Amino acid sequence: MQPTQHFASDNYAGICPEAMTALVAANAGHAPAYGEDDWTRSVSDRLRTLFETDCDVYFVFNGTAANSLALATLCQSYHSVVCHEMAHVQTDECGAPEFFSNGSKLLPAQGENGKLTPAAVREVISRRNDIHYPKPRVVTLTQSTEVGTVYQPHEIVALSACAREHGLRVHMDGARFANAVASLDVAPADITWRAGVDVLCFGGTKMGLPVGEAVVFFDRTLSEDFAWRCKQAGQLASKMRFLSAPWLGMLENDAWLRHARHANAMAQRLAKGLGAITGPQLLFPVEANGVFCELPQHVLHGLRERGWRFYTFIGSGGARFMCGWDMQPESVDALLADVRELFA
Ligand SMILES: Cc1ncc(COP(=O)(O)O)c(C=O)c1O
């Protein structure tokens with residue numbers, strides 16, 4: 001039997017019911033365009049309540065645009081952005097952060113388990129301070145990280161303190177912010193503005209929305225011209241209500257956290273199951289909704305032959321298994337059964 005669910009990406013999942021209901025409800029009659037509608041206003045207010053602060057909120061179509069435009073806002077073209085060497089902005093955005101900032105350079109840093117540390121940031125920014133080198137301006141961190149780990153609140157506080165000390169702003173790529181909040185069980189404010197984050201790209205797509213991410217400016221002085229930046233980049237949705245309304249369903253009764261907790265639990269189930277088989281080696285601690293595992297070629301090949309989809313882009317033989325909001329325990333168990341058989 002071919003699998004009906006896949007582990008390649010949390011983007012493979014469809015729209016969660018709460019978002020779908022809110023989307024359909026927004027499809028009634030006429031409404032002002034370009035974000036002047038009641039849904040957009042109301043979701044922005046809900047996000048201000050969620051973050052317990054008077055932040056500025058913008059909706060864009062995807063994570064690449066959210067990150068790139070947010071970073072471009074924080075930088076001049078001669079600035080640089082310190083990121084982890086595995087950061088999505090560095091590896092998977094086709095140079096968009098540099099493009100939209102007219103050339104701000106990304107400076108990759110190393111760090112265990114996909115995380116930056118103050119020491120790594122300091123090492124990168126103290127390499128040079130002459131006129132010939134781009135001036136460090138931003139630290140960007142990904143929460144949860146590209147390898148399924150999560151920054152603890154104190155780690156973010158320490159990174160922000162280091163950033164402030166050196167005159168840098170702090171950007172957070174929160175494509176999987178929901179999974180991090182669910183994993184840490186903290187108030188969203190505690191791992192964002194209260195921990196020193198200036199701008200958060202809050203991922204909607206991976207947590208179950210049809211499309212769209214929210215760019216949340218905690219320092220409102222930074223967002224002055226952001227609307228124009230979005231428009232110029234082709235990221236101002238005319239029918240904005242269809243980007244924003246699904247957030248209403250998602251935020252109602254904490255559906256976003258319920259789904260993220262479920263996705264995280266499915267990753268734990270998978271990790272536990274893999275741990276019980278002799279052979280697979282987990283590559284990183286499983287703290288959110290992704291499991292990274294070293295598997296021999298014949299197992300990878302066998303899984304693909306059986307119809308499973310997953311990525312193998314980290315290290316040789318490393319496979320990434322992502323769990324979306326709708327991942328069923330039966331799908332996890334079926335994958336595990338195939339891994340077990342292939343190792344037998
Ligand atoms: C860490 C991270 N940031 C951002 C994104 C957003 O990318 P996209 O432009 O595909 O929405 C992704 C998607 O895979 C991601 O994993």
# chains A, B, ... in the order shown; residues from 1 in each chain; ligands from 1
call {"tool": "closest_atom_pairs", "arguments": {"of": "chain A", "to": "ligand 1", "cutoff": "10 Å", "atoms": "only C-alpha atoms and all ligand atoms", "output": "Markdown table"}}
result
| residue | atom | partner | partner_atom_place_in_ligand_line | distance |
| --- | --- | --- | --- | --- |
| A:Ser9 | CA | ligand 1 | 14 (O) | 7.5 |
| A:Asp10 | CA | ligand 1 | 14 (O) | 8.2 |
| A:Asn11 | CA | ligand 1 | 14 (O) | 7.5 |
| A:Val60 | CA | ligand 1 | 11 (O) | 9.7 |
| A:Phe61 | CA | ligand 1 | 11 (O) | 7.6 |
| A:Asn62 | CA | ligand 1 | 11 (O) | 4.0 |
| A:Gly63 | CA | ligand 1 | 6 (C) | 3.4 |
| A:Thr64 | CA | ligand 1 | 9 (O) | 3.6 |
| A:Ala65 | CA | ligand 1 | 9 (O) | 6.4 |
| A:Ala66 | CA | ligand 1 | 9 (O) | 7.9 |
| A:Asn67 | CA | ligand 1 | 4 (C) | 7.2 |
| A:Ser68 | CA | ligand 1 | 9 (O) | 9.5 |
| A:Met86 | CA | ligand 1 | 1 (C) | 9.1 |
| A:Ala87 | CA | ligand 1 | 1 (C) | 6.6 |
| A:His88 | CA | ligand 1 | 1 (C) | 4.9 |
| A:Val89 | CA | ligand 1 | 3 (N) | 7.0 |
| A:Gln90 | CA | ligand 1 | 3 (N) | 10.0 |
| A:Thr91 | CA | ligand 1 | 1 (C) | 9.8 |
| A:Asp92 | CA | ligand 1 | 7 (O) | 7.7 |
| A:Glu93 | CA | ligand 1 | 9 (O) | 6.9 |
| A:Cys94 | CA | ligand 1 | 9 (O) | 9.8 |
| A:Ala96 | CA | ligand 1 | 9 (O) | 9.7 |
| A:Leu141 | CA | ligand 1 | 1 (C) | 9.3 |
| A:Thr142 | CA | ligand 1 | 1 (C) | 6.1 |
| A:Gln143 | CA | ligand 1 | 1 (C) | 7.7 |
| A:Ser144 | CA | ligand 1 | 1 (C) | 7.6 |
| A:Thr145 | CA | ligand 1 | 1 (C) | 6.4 |
| A:Glu146 | CA | ligand 1 | 1 (C) | 5.1 |
| A:Val147 | CA | ligand 1 | 1 (C) | 8.8 |
| A:Gly148 | CA | ligand 1 | 1 (C) | 9.5 |
| A:Met172 | CA | ligand 1 | 3 (N) | 9.5 |
| A:Asp173 | CA | ligand 1 | 3 (N) | 5.7 |
| A:Gly174 | CA | ligand 1 | 3 (N) | 6.7 |
| A:Ala175 | CA | ligand 1 | 3 (N) | 4.7 |
| A:Arg176 | CA | ligand 1 | 1 (C) | 6.9 |
| A:Phe177 | CA | ligand 1 | 1 (C) | 9.4 |
| A:Cys201 | CA | ligand 1 | 4 (C) | 8.4 |
| A:Phe202 | CA | ligand 1 | 4 (C) | 9.5 |
| A:Gly203 | CA | ligand 1 | 6 (C) | 7.6 |
| A:Gly204 | CA | ligand 1 | 11 (O) | 9.1 |
| A:Thr205 | CA | ligand 1 | 11 (O) | 7.2 |
| A:Lys206 | CA | ligand 1 | 13 (C) | 7.8 |
| A:Val211 | CA | ligand 1 | 11 (O) | 8.4 |
| A:Gly212 | CA | ligand 1 | 11 (O) | 7.8 |
| A:Glu213 | CA | ligand 1 | 11 (O) | 7.9 |
call {"tool": "residues_around", "arguments": {"residues": "Leu50 of chain A", "least_positions_apart": "4", "cutoff": "10 Å", "atoms": "only C-alpha atoms", "output": "PyMOL selection string"}}
result
chain A and resi 44-46+187-189+251+254
call {"tool": "write_last_selection", "arguments": {"atoms": "N, CA and C atoms", "output": "tab-separated table (two decimals), in the first residue's frame"}}
result
chain	number	residue	atom	x	y	z
A	44	SER	N	-4.51	41.38	13.17
A	44	SER	CA	-3.37	42.18	13.69
A	44	SER	C	-3.59	42.47	15.16
A	45	ASP	N	-4.82	42.80	15.53
A	45	ASP	CA	-5.12	43.05	16.96
A	45	ASP	C	-4.92	41.78	17.77
A	46	ARG	N	-5.37	40.65	17.20
A	46	ARG	CA	-5.21	39.37	17.93
A	46	ARG	C	-3.73	39.05	18.15
A	187	ALA	N	5.21	31.80	27.00
A	187	ALA	CA	4.45	32.87	26.34
A	187	ALA	C	5.25	33.30	25.11
A	188	PRO	N	4.58	33.52	23.97
A	188	PRO	CA	5.31	33.94	22.77
A	188	PRO	C	6.20	35.17	23.02
A	189	ALA	N	5.76	36.05	23.91
A	189	ALA	CA	6.57	37.25	24.21
A	189	ALA	C	7.91	36.87	24.83
A	251	LEU	N	-5.87	31.25	15.48
A	251	LEU	CA	-5.57	31.81	16.81
A	251	LEU	C	-6.70	31.54	17.81
A	254	ASP	N	-6.51	28.78	20.58
A	254	ASP	CA	-5.14	28.24	20.48
A	254	ASP	C	-5.02	27.02	19.56
call {"tool": "residues_around", "arguments": {"residues": "Ala245 of chain A", "least_positions_apart": "4", "cutoff": "10 Å", "atoms": "only C-alpha atoms", "output": "MDAnalysis selection string"}}
result
chainID A and resid 19:27 37:43 209 240:241 249:250
call {"tool": "write_last_selection", "arguments": {"atoms": "N, CA and C atoms", "output": "compact mmCIF listing (two decimals), in the first residue's frame"}}
result
# COMPACT_ATOMS: atom_id res chain seq x y z
N ALA A 19 -8.55 26.98 10.00
CA ALA A 19 -8.17 28.01 9.03
C ALA A 19 -9.13 27.99 7.84
N MET A 20 -9.53 26.78 7.45
CA MET A 20 -10.43 26.64 6.30
C MET A 20 -11.79 27.28 6.59
N THR A 21 -12.30 27.04 7.78
CA THR A 21 -13.60 27.62 8.16
C THR A 21 -13.51 29.14 8.13
N ALA A 22 -12.41 29.67 8.67
CA ALA A 22 -12.26 31.13 8.69
C ALA A 22 -12.08 31.69 7.28
N LEU A 23 -11.41 30.92 6.44
CA LEU A 23 -11.20 31.36 5.05
C LEU A 23 -12.54 31.42 4.31
N VAL A 24 -13.33 30.38 4.48
CA VAL A 24 -14.64 30.33 3.81
C VAL A 24 -15.55 31.44 4.33
N ALA A 25 -15.48 31.68 5.65
CA ALA A 25 -16.33 32.73 6.23
C ALA A 25 -15.95 34.10 5.68
N ALA A 26 -14.68 34.27 5.32
CA ALA A 26 -14.24 35.58 4.80
C ALA A 26 -14.67 35.78 3.35
N ASN A 27 -15.12 34.69 2.73
CA ASN A 27 -15.48 34.76 1.31
C ASN A 27 -16.94 35.16 1.14
N ASP A 37 -9.29 45.74 5.21
CA ASP A 37 -10.49 44.99 5.59
C ASP A 37 -10.52 44.68 7.08
N ASP A 38 -11.70 44.28 7.55
CA ASP A 38 -11.88 44.00 8.98
C ASP A 38 -11.09 42.78 9.45
N TRP A 39 -10.94 41.78 8.59
CA TRP A 39 -10.22 40.55 9.00
C TRP A 39 -8.76 40.88 9.31
N THR A 40 -8.16 41.63 8.41
CA THR A 40 -6.74 41.96 8.58
C THR A 40 -6.54 42.79 9.86
N ARG A 41 -7.45 43.75 10.06
CA ARG A 41 -7.36 44.58 11.27
C ARG A 41 -7.49 43.70 12.51
N SER A 42 -8.50 42.81 12.43
CA SER A 42 -8.77 42.01 13.61
C SER A 42 -7.65 41.01 13.92
N VAL A 43 -7.06 40.38 12.90
CA VAL A 43 -5.95 39.45 13.15
C VAL A 43 -4.74 40.21 13.70
N LEU A 209 -1.96 26.99 7.73
CA LEU A 209 -2.67 27.98 6.91
C LEU A 209 -2.51 27.60 5.43
N MET A 240 -6.26 40.88 0.48
CA MET A 240 -5.52 40.56 1.71
C MET A 240 -6.35 39.72 2.68
N ARG A 241 -7.65 39.88 2.66
CA ARG A 241 -8.47 39.16 3.65
C ARG A 241 -8.25 37.65 3.58
N GLY A 249 -9.02 31.86 12.54
CA GLY A 249 -9.39 30.49 12.93
C GLY A 249 -8.25 29.82 13.69
N MET A 250 -7.05 30.10 13.24
CA MET A 250 -5.87 29.48 13.83
C MET A 250 -5.63 29.96 15.25
call {"tool": "select_by_dssp", "arguments": {"residues": "segment 14-229 of chain A", "states": "strand (DSSP E)", "output": "number ranges by chain"}}
result
A: 56-60, 79-84, 105-109, 135-142, 169-174, 199-203, 213-217
call {"tool": "closest_residue", "arguments": {"among": "A:Lys239, A:Asp225, A:Val81, A:Leu282", "to": "Gly35 of chain A", "atoms": "only C-alpha atoms"}}
result
A:Lys239
call {"tool": "closest_residue", "arguments": {"among": "A:Glu287, A:Val339, A:Leu257, A:Arg306", "to": "Leu274 of chain A", "atoms": "only C-alpha atoms"}}
result
A:Val339
call {"tool": "closest_residue", "arguments": {"among": "A:Thr149, A:Thr53, A:Thr221, A:Thr4", "to": "Val286 of chain A", "atoms": "only C-alpha atoms"}}
result
A:Thr149
call {"tool": "residues_around", "arguments": {"residues": "Val215 of chain A", "least_positions_apart": "5", "cutoff": "6 Å", "atoms": "only C-alpha atoms", "output": "VMD selection string"}}
result
chain A and resid 57 to 58 200 to 201
call {"tool": "write_last_selection", "arguments": {"atoms": "all heavy atoms", "output": "PDB file, in the first residue's frame"}}
result
ATOM      1  N   VAL A  57       2.092  44.640  12.388  1.00  0.00           N
ATOM      2  CA  VAL A  57       1.948  43.336  11.730  1.00  0.00           C
ATOM      3  C   VAL A  57       1.690  43.512  10.230  1.00  0.00           C
ATOM      4  O   VAL A  57       0.865  44.356   9.839  1.00  0.00           O
ATOM      5  CB  VAL A  57       0.755  42.570  12.360  1.00  0.00           C
ATOM      6  CG1 VAL A  57       0.565  41.220  11.680  1.00  0.00           C
ATOM      7  CG2 VAL A  57       0.963  42.385  13.858  1.00  0.00           C
ATOM      8  N   TYR A  58       2.383  42.717   9.417  1.00  0.00           N
ATOM      9  CA  TYR A  58       2.189  42.730   7.957  1.00  0.00           C
ATOM     10  C   TYR A  58       2.072  41.280   7.485  1.00  0.00           C
ATOM     11  O   TYR A  58       2.704  40.392   8.052  1.00  0.00           O
ATOM     12  CB  TYR A  58       3.387  43.383   7.255  1.00  0.00           C
ATOM     13  CG  TYR A  58       3.547  44.827   7.642  1.00  0.00           C
ATOM     14  CD1 TYR A  58       4.215  45.168   8.823  1.00  0.00           C
ATOM     15  CD2 TYR A  58       3.012  45.849   6.872  1.00  0.00           C
ATOM     16  CE1 TYR A  58       4.341  46.492   9.209  1.00  0.00           C
ATOM     17  CE2 TYR A  58       3.135  47.176   7.252  1.00  0.00           C
ATOM     18  CZ  TYR A  58       3.798  47.489   8.418  1.00  0.00           C
ATOM     19  OH  TYR A  58       3.910  48.801   8.810  1.00  0.00           O
ATOM     20  N   LEU A 200      10.000  39.430  14.075  1.00  0.00           N
ATOM     21  CA  LEU A 200       9.720  37.991  13.937  1.00  0.00           C
ATOM     22  C   LEU A 200       8.986  37.735  12.628  1.00  0.00           C
ATOM     23  O   LEU A 200       7.998  38.414  12.331  1.00  0.00           O
ATOM     24  CB  LEU A 200       8.816  37.528  15.094  1.00  0.00           C
ATOM     25  CG  LEU A 200       8.161  36.151  14.921  1.00  0.00           C
ATOM     26  CD1 LEU A 200       9.194  35.026  15.046  1.00  0.00           C
ATOM     27  CD2 LEU A 200       7.039  35.947  15.952  1.00  0.00           C
ATOM     28  N   CYS A 201       9.464  36.754  11.863  1.00  0.00           N
ATOM     29  CA  CYS A 201       8.691  36.274  10.723  1.00  0.00           C
ATOM     30  C   CYS A 201       7.945  35.040  11.227  1.00  0.00           C
ATOM     31  O   CYS A 201       8.547  33.978  11.429  1.00  0.00           O
ATOM     32  CB  CYS A 201       9.600  35.939   9.547  1.00  0.00           C
ATOM     33  SG  CYS A 201      10.420  37.418   8.927  1.00  0.00           S
TER      34      CYS A 201
END
call {"tool": "residues_around", "arguments": {"residues": "Cys162 of chain A", "least_positions_apart": "6", "cutoff": "9 Å", "atoms": "only C-alpha atoms", "output": "list in words"}}
result
Pro118, Ala119, Val121, Arg122 and Leu168 of chain A
call {"tool": "write_last_selection", "arguments": {"atoms": "N, CA, C and O atoms", "output": "CSV table (one decimal), in the first residue's frame"}}
result
chain,number,residue,atom,x,y,z
A,118,PRO,N,26.5,33.3,21.3
A,118,PRO,CA,27.2,34.6,21.4
A,118,PRO,C,28.6,34.5,20.9
A,118,PRO,O,29.1,35.3,20.2
A,119,ALA,N,29.3,33.4,21.3
A,119,ALA,CA,30.7,33.2,21.0
A,119,ALA,C,30.9,33.1,19.5
A,119,ALA,O,31.8,33.8,18.9
A,121,VAL,N,28.8,34.3,17.2
A,121,VAL,CA,28.5,35.7,16.6
A,121,VAL,C,29.7,36.6,16.8
A,121,VAL,O,30.1,37.2,15.8
A,122,ARG,N,30.3,36.6,18.0
A,122,ARG,CA,31.4,37.4,18.3
A,122,ARG,C,32.6,37.1,17.3
A,122,ARG,O,33.3,38.0,16.8
A,168,LEU,N,23.9,45.4,17.0
A,168,LEU,CA,23.2,44.6,16.0
A,168,LEU,C,21.7,44.5,16.4
A,168,LEU,O,21.4,44.4,17.5
call {"tool": "closest_residue", "arguments": {"among": "A:Arg340, A:Glu252, A:Met266, A:Trp228", "to": "Thr278 of chain A", "atoms": "only C-alpha atoms"}}
result
A:Arg340
call {"tool": "select_by_dssp", "arguments": {"residues": "segment 161-270 of chain A", "states": "alpha helix (DSSP H)", "output": "VMD selection string"}}
result
chain A and resid 161 to 165 177 to 184 226 to 232 241 to 251 255 to 270
call {"tool": "closest_residue", "arguments": {"among": "A:Ala319, A:Leu74, A:Leu243, A:Ile131", "to": "Asp219 of chain A", "atoms": "only C-alpha atoms"}}
result
A:Leu74
call {"tool": "closest_residue", "arguments": {"among": "A:Val139, A:Ile277, A:Leu222, A:Leu283", "to": "Ala344 of chain A", "atoms": "only C-alpha atoms"}}
result
A:Ile277
call {"tool": "residues_around", "arguments": {"residues": "His6 of chain A", "least_positions_apart": "2", "cutoff": "8 Å", "atoms": "only C-alpha atoms", "output": "list in words"}}
result
Pro3, Thr4, Ala8, Ser9, Tyr12, Trp308, Arg309 and Phe310 of chain A
call {"tool": "atom_distance", "arguments": {"atom1": "atom CA of Phe100 of chain A", "atom2": "atom CA of His84 of chain A"}}
result
19.5 Å
call {"tool": "atom_distance", "arguments": {"atom1": "atom CA of Ser244 of chain A", "atom2": "atom CA of Asn289 of chain A"}}
result
24.4 Å
call {"tool": "atom_distance", "arguments": {"atom1": "atom CA of Phe313 of chain A", "atom2": "atom CA of Ala109 of chain A"}}
result
18.9 Å
call {"tool": "decode", "arguments": {"residues": "segment 62-77 of chain A", "atoms": "N, CA and C atoms", "output": "PDB file, in the first residue's frame"}}
result
ATOM      1  N   ASN A  62       4.952  34.363   1.557  1.00  0.00           N
ATOM      2  CA  ASN A  62       5.779  33.211   1.956  1.00  0.00           C
ATOM      3  C   ASN A  62       6.954  33.607   2.846  1.00  0.00           C
ATOM      4  N   GLY A  63       7.662  32.581   3.302  1.00  0.00           N
ATOM      5  CA  GLY A  63       8.730  32.800   4.268  1.00  0.00           C
ATOM      6  C   GLY A  63       9.945  33.493   3.680  1.00  0.00           C
ATOM      7  N   THR A  64      10.250  33.178   2.436  1.00  0.00           N
ATOM      8  CA  THR A  64      11.402  33.817   1.794  1.00  0.00           C
ATOM      9  C   THR A  64      11.192  35.328   1.733  1.00  0.00           C
ATOM     10  N   ALA A  65       9.997  35.726   1.358  1.00  0.00           N
ATOM     11  CA  ALA A  65       9.697  37.168   1.279  1.00  0.00           C
ATOM     12  C   ALA A  65       9.717  37.787   2.670  1.00  0.00           C
ATOM     13  N   ALA A  66       9.131  37.092   3.629  1.00  0.00           N
ATOM     14  CA  ALA A  66       9.081  37.634   4.991  1.00  0.00           C
ATOM     15  C   ALA A  66      10.499  37.889   5.502  1.00  0.00           C
ATOM     16  N   ASN A  67      11.345  36.870   5.406  1.00  0.00           N
ATOM     17  CA  ASN A  67      12.725  37.008   5.896  1.00  0.00           C
ATOM     18  C   ASN A  67      13.483  38.088   5.128  1.00  0.00           C
ATOM     19  N   SER A  68      13.401  38.013   3.805  1.00  0.00           N
ATOM     20  CA  SER A  68      14.204  38.917   2.979  1.00  0.00           C
ATOM     21  C   SER A  68      13.797  40.367   3.179  1.00  0.00           C
ATOM     22  N   LEU A  69      12.498  40.606   3.214  1.00  0.00           N
ATOM     23  CA  LEU A  69      12.043  41.990   3.349  1.00  0.00           C
ATOM     24  C   LEU A  69      12.304  42.510   4.758  1.00  0.00           C
ATOM     25  N   ALA A  70      12.166  41.630   5.753  1.00  0.00           N
ATOM     26  CA  ALA A  70      12.457  42.057   7.123  1.00  0.00           C
ATOM     27  C   ALA A  70      13.944  42.393   7.254  1.00  0.00           C
ATOM     28  N   LEU A  71      14.797  41.535   6.711  1.00  0.00           N
ATOM     29  CA  LEU A  71      16.238  41.801   6.806  1.00  0.00           C
ATOM     30  C   LEU A  71      16.612  43.053   6.018  1.00  0.00           C
ATOM     31  N   ALA A  72      15.996  43.217   4.860  1.00  0.00           N
ATOM     32  CA  ALA A  72      16.288  44.405   4.050  1.00  0.00           C
ATOM     33  C   ALA A  72      15.915  45.678   4.802  1.00  0.00           C
ATOM     34  N   THR A  73      14.870  45.580   5.630  1.00  0.00           N
ATOM     35  CA  THR A  73      14.455  46.733   6.426  1.00  0.00           C
ATOM     36  C   THR A  73      15.491  47.090   7.482  1.00  0.00           C
ATOM     37  N   LEU A  74      16.153  46.060   8.001  1.00  0.00           N
ATOM     38  CA  LEU A  74      17.110  46.281   9.082  1.00  0.00           C
ATOM     39  C   LEU A  74      18.486  46.722   8.577  1.00  0.00           C
ATOM     40  N   CYS A  75      18.710  46.545   7.280  1.00  0.00           N
ATOM     41  CA  CYS A  75      20.060  46.758   6.738  1.00  0.00           C
ATOM     42  C   CYS A  75      20.125  47.846   5.679  1.00  0.00           C
ATOM     43  N   GLN A  76      21.286  48.451   5.577  1.00  0.00           N
ATOM     44  CA  GLN A  76      21.661  49.177   4.364  1.00  0.00           C
ATOM     45  C   GLN A  76      22.435  48.187   3.494  1.00  0.00           C
ATOM     46  N   SER A  77      22.650  48.553   2.230  1.00  0.00           N
ATOM     47  CA  SER A  77      23.287  47.610   1.306  1.00  0.00           C
ATOM     48  C   SER A  77      24.713  47.226   1.735  1.00  0.00           C
TER      49      SER A  77
END
